[in-house]
Each structure stands twice: as C-alpha cells, then as structure tokens.
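K.L.:
This is my_file05.pdb, which holds PDB, C-alpha atoms:
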ATOM      1  CA  MET A  16       5.052 189.509 -74.587
ATOM      2  CA  MET A  17       5.099 188.023 -71.080
ATOM      3  CA  LYS A  18       4.061 191.370 -69.594
ATOM      4  CA  THR A  19       1.087 191.552 -72.000
ATOM      5  CA  ARG A  20      -0.071 188.036 -71.029
ATOM      6  CA  THR A  21       0.168 188.915 -67.354
ATOM      7  CA  ILE A  22      -1.911 192.068 -67.838
ATOM      8  CA  VAL A  23      -4.546 190.218 -69.906
ATOM      9  CA  ALA A  24      -4.754 187.400 -67.348
ATOM     10  CA  GLY A  25      -5.069 189.937 -64.542
ATOM     11  CA  LEU A  26      -7.856 191.815 -66.307
ATOM     12  CA  ALA A  27      -9.730 188.576 -67.006
ATOM     13  CA  SER A  28      -9.518 187.633 -63.327
ATOM     14  CA  ILE A  29     -10.817 191.032 -62.246
ATOM     15  CA  LEU A  30     -13.734 190.884 -64.701
ATOM     16  CA  ALA A  31     -14.674 187.384 -63.553
ATOM     17  CA  ALA A  32     -14.578 188.468 -59.901
ATOM     18  CA  CYS A  33     -16.717 191.518 -60.637
ATOM     19  CA  ASN A  34     -19.388 189.598 -62.542
ATOM     20  CA  PRO A  35     -22.369 189.577 -60.119
ATOM     21  CA  SER A  36     -24.301 186.946 -62.059
ATOM     22  CA  SER A  37     -21.400 184.511 -61.787
ATOM     23  CA  LYS A  38     -21.084 185.318 -58.089
ATOM     24  CA  THR A  39     -24.769 184.607 -57.514
ATOM     25  CA  ALA A  40     -24.801 181.366 -59.511
ATOM     26  CA  ASP A  41     -21.737 180.147 -57.601
ATOM     27  CA  PHE A  42     -23.484 181.010 -54.312
ATOM     28  CA  ILE A  43     -26.652 178.967 -54.985
ATOM     29  CA  PRO A  44     -25.644 175.398 -53.971
ATOM     30  CA  GLY A  45     -25.726 174.823 -50.219
ATOM     31  CA  THR A  46     -27.869 174.420 -47.128
ATOM     32  CA  TYR A  47     -30.156 177.207 -45.908
ATOM     33  CA  VAL A  48     -32.188 177.426 -42.671
ATOM     34  CA  ASN A  49     -35.152 179.427 -41.438
ATOM     35  CA  HIS A  50     -36.766 179.547 -37.981
ATOM     36  CA  ALA A  51     -40.232 181.043 -37.519
ATOM     37  CA  GLU A  52     -42.136 181.369 -34.281
ATOM     38  CA  SER A  53     -45.475 182.878 -33.335
ATOM     39  CA  ALA A  54     -47.715 182.763 -30.295
ATOM     40  CA  TYR A  55     -49.270 179.580 -31.673
ATOM     41  CA  SER A  56     -46.532 177.590 -33.397
ATOM     42  CA  VAL A  57     -42.842 176.991 -34.065
ATOM     43  CA  ALA A  58     -41.456 175.974 -37.467
ATOM     44  CA  ASN A  59     -37.974 175.147 -38.733
ATOM     45  CA  ASP A  60     -37.174 174.855 -42.434
ATOM     46  CA  THR A  61     -34.059 173.532 -44.121
ATOM     47  CA  LEU A  62     -33.443 173.886 -47.849
ATOM     48  CA  ALA A  63     -30.713 171.799 -49.470
ATOM     49  CA  ILE A  64     -29.975 173.087 -52.967
ATOM     50  CA  SER A  65     -27.689 171.242 -55.371
ATOM     51  CA  ALA A  66     -26.815 171.771 -59.026
ATOM     52  CA  ASP A  67     -27.980 169.259 -61.595
ATOM     53  CA  ARG A  68     -25.105 167.269 -63.104
ATOM     54  CA  ASP A  69     -26.365 167.508 -66.687
ATOM     55  CA  ASN A  70     -28.142 170.874 -66.934
ATOM     56  CA  ALA A  71     -26.287 174.034 -65.935
ATOM     57  CA  ASN A  72     -29.395 176.074 -65.005
ATOM     58  CA  VAL A  73     -31.277 173.307 -63.173
ATOM     59  CA  TYR A  74     -31.148 172.835 -59.393
ATOM     60  CA  HIS A  75     -32.552 170.175 -57.073
ATOM     61  CA  ILE A  76     -34.177 171.516 -53.914
ATOM     62  CA  VAL A  77     -35.058 169.410 -50.859
ATOM     63  CA  ARG A  78     -37.174 171.172 -48.243
ATOM     64  CA  ARG A  79     -37.348 169.644 -44.753
ATOM     65  CA  THR A  80     -39.864 171.236 -42.400
ATOM     66  CA  GLY A  81     -40.510 170.638 -38.706
ATOM     67  CA  PHE A  82     -43.668 172.169 -37.233
ATOM     68  CA  ARG A  83     -45.204 172.179 -33.742
ATOM     69  CA  ARG A  84     -48.308 173.879 -32.349
ATOM     70  CA  LYS A  85     -47.563 175.390 -28.926
ATOM     71  CA  LYS A  86     -50.966 175.215 -27.244
ATOM     72  CA  GLU A  87     -51.711 171.618 -28.075
ATOM     73  CA  ARG A  88     -48.238 170.505 -26.946
ATOM     74  CA  GLN A  89     -48.316 168.050 -29.785
ATOM     75  CA  VAL A  90     -45.404 166.052 -31.090
ATOM     76  CA  PRO A  91     -43.620 167.901 -33.901
ATOM     77  CA  GLN A  92     -44.684 167.058 -37.426
ATOM     78  CA  TYR A  93     -42.134 166.666 -40.204
ATOM     79  CA  GLN A  94     -42.398 166.974 -43.984
ATOM     80  CA  VAL A  95     -39.929 166.442 -46.791
ATOM     81  CA  LYS A  96     -40.653 167.873 -50.246
ATOM     82  CA  THR A  97     -38.506 167.898 -53.362
ATOM     83  CA  PHE A  98     -38.560 170.480 -56.111
ATOM     84  CA  ILE A  99     -36.777 171.389 -59.323
ATOM     85  CA  GLY A 100     -35.615 174.983 -59.764
ATOM     86  CA  ILE A 101     -34.724 176.708 -63.016
ATOM     87  CA  TRP A 102     -32.086 179.450 -62.775
ATOM     88  CA  SER A 103     -32.572 182.547 -64.929
ATOM     89  CA  GLU A 104     -29.157 184.118 -65.450
ATOM     90  CA  GLN A 105     -30.768 187.226 -66.927
ATOM     91  CA  GLN A 106     -33.274 187.794 -64.092
ATOM     92  CA  GLN A 107     -31.029 186.366 -61.336
ATOM     93  CA  ILE A 108     -33.969 184.287 -60.001
ATOM     94  CA  LEU A 109     -34.411 180.584 -59.268
ATOM     95  CA  GLN A 110     -38.000 179.591 -60.077
ATOM     96  CA  ILE A 111     -39.503 176.403 -58.669
ATOM     97  CA  SER A 112     -41.057 174.639 -61.643
ATOM     98  CA  GLN A 113     -43.818 172.839 -59.691
ATOM     99  CA  ASN A 114     -45.428 175.948 -58.185
ATOM    100  CA  GLY A 115     -43.784 179.021 -59.757
ATOM    101  CA  VAL A 116     -42.358 180.294 -56.457
ATOM    102  CA  LEU A 117     -39.358 182.598 -56.936
ATOM    103  CA  ILE A 118     -36.147 182.344 -54.899
ATOM    104  CA  LEU A 119     -33.899 185.408 -54.668
ATOM    105  CA  PHE A 120     -30.275 185.063 -53.566
ATOM    106  CA  HIS A 121     -28.285 187.638 -51.578
ATOM    107  CA  PRO A 122     -24.642 186.468 -51.539
ATOM    108  CA  ASP A 123     -23.506 189.660 -49.821
ATOM    109  CA  LYS A 124     -25.801 188.844 -46.864
ATOM    110  CA  ASN A 125     -25.250 185.052 -47.051
ATOM    111  CA  GLU A 126     -28.994 184.413 -47.423
ATOM    112  CA  LEU A 127     -31.907 183.792 -49.761
ATOM    113  CA  SER A 128     -35.505 185.017 -49.796
ATOM    114  CA  ILE A 129     -38.682 183.138 -50.637
ATOM    115  CA  GLU A 130     -41.769 185.327 -50.535
ATOM    116  CA  ASN A 131     -41.709 186.813 -46.986
ATOM    117  CA  SER A 132     -39.171 184.375 -45.519
ATOM    118  CA  THR A 133     -35.408 184.769 -45.241
ATOM    119  CA  TYR A 134     -33.089 181.755 -45.035
ATOM    120  CA  LEU A 135     -29.498 181.905 -43.776
ATOM    121  CA  LYS A 136     -26.887 179.882 -45.660
ATOM    122  CA  LEU A 137     -24.984 177.386 -43.517
ATOM    123  CA  LYS A 138     -22.638 175.680 -45.962
ATOM    124  CA  LYS A 139     -20.835 177.160 -48.912
TER     125      LYS A 139
END
Using structure tokens, write down the structure that the file contains.
P.N.:
Amino acid sequence: MMKTRTIVAGLASILAACNPSSKTADFIPGTYVNHAESAYSVANDTLAISADRDNANVYHIVRRTGFRRKKERQVPQYQVKTFIGIWSEQQQILQISQNGVLILFHPDKNELSIENSTYLKLKK
C-alpha cells in the first residue's frame, strides 16, 4: 500500500513538472527588460507583470519606458502605462485587452516576446 502511494505521488510529480502550460503560467509574473538603440535614439523598457489576486488568468502589466533622441541631446523622456492581460492557457498567449497585442513567453530562454521585441526576465 505504501509502495503504491509512493509510485502514484512520484508519477503525479513527474506529470506536473512535464506540463509545459503550467511551466509557462508559473513563469509569467516578474520583471522584464528591453534595451533598443539606433543611430537616432536609445530606449529602455521595463515590464512588471503580476497575477491578479481574484482572477487566475488575469495579469496586471506596468510598462515603464525611457527614451532619448541622440542628435538633439535632449533630456530623456519617461512614460508609465498600465495594461490588463488575459492569459489563454490553450494558446499559451497573454493578450493585452486594451490594444490586442500578444505576449509570448519563452521560459527555456528566460524571456518574452512582444511583436519584434525581446525582453529578458530579471526576477523570478
């Protein structure tokens, strides 16, 4: 009896660890950064993503952006925007409800992708 419980518990642990959707959902909350630079400007983005307390598939996203044009040597400009994201377990996508933008997560690479931008995760 004890041996059977041990085997069942072990199999359940293995199945939970192998479930990629669970792995991705667990990876979502955290802080992500992106740095972009061109001949004309420099931009730094930070995304802070946190799970909603009441709704399992809802996430709060705060985007902080710093931007500076190189040629004008202007003072950096800063923006803070907040969004709500809805997680689709089936599609493995977080969709921003305000604008429809899709966020893809890559736990194996410790990053996320939004359109053509890649963000590195800082905190787990």
K.L.:
What's the separation between atom CA of A:Thr61 and atom CA of A:Arg79, in Å to one decimal place?
P.N.:
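Between atom CA of A:Thr61 and atom CA of A:Arg79 the gap works out to 5.1 Å.
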K.L.:
For A:Ile99, which of A:Thr80, A:Asn125, A:Asn131, A:Asn70 is the closest residue, counting all atoms listed in the file?
P.N.:
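Nearest candidate to A:Ile99 out of A:Thr80, A:Asn125, A:Asn131, A:Asn70: A:Asn70.
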K.L.:
Please measure the separation of atom CA of A:Ile101 and atom CA of A:Asn72, giving the value in Å to one decimal.
P.N.:
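If I compute the distance from atom CA of A:Ile101 to atom CA of A:Asn72, I get 5.7 Å.
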K.L.:
Measure the distance from atom CA of A:Glu104 to atom CA of A:Arg78 in Å and round it to one decimal.
P.N.:
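Atom-to-atom, atom CA of A:Glu104 and atom CA of A:Arg78 are spaced 23.0 Å apart.
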K.L.:
Apply the PyMOL selection byres ((chain A and resi 107-114) around 12) to the structure shown and report the selected residues as a ChimeraX atom specification.
P.N.:
/A:35-44,64,66,72-78,96-106,115-122,127-130
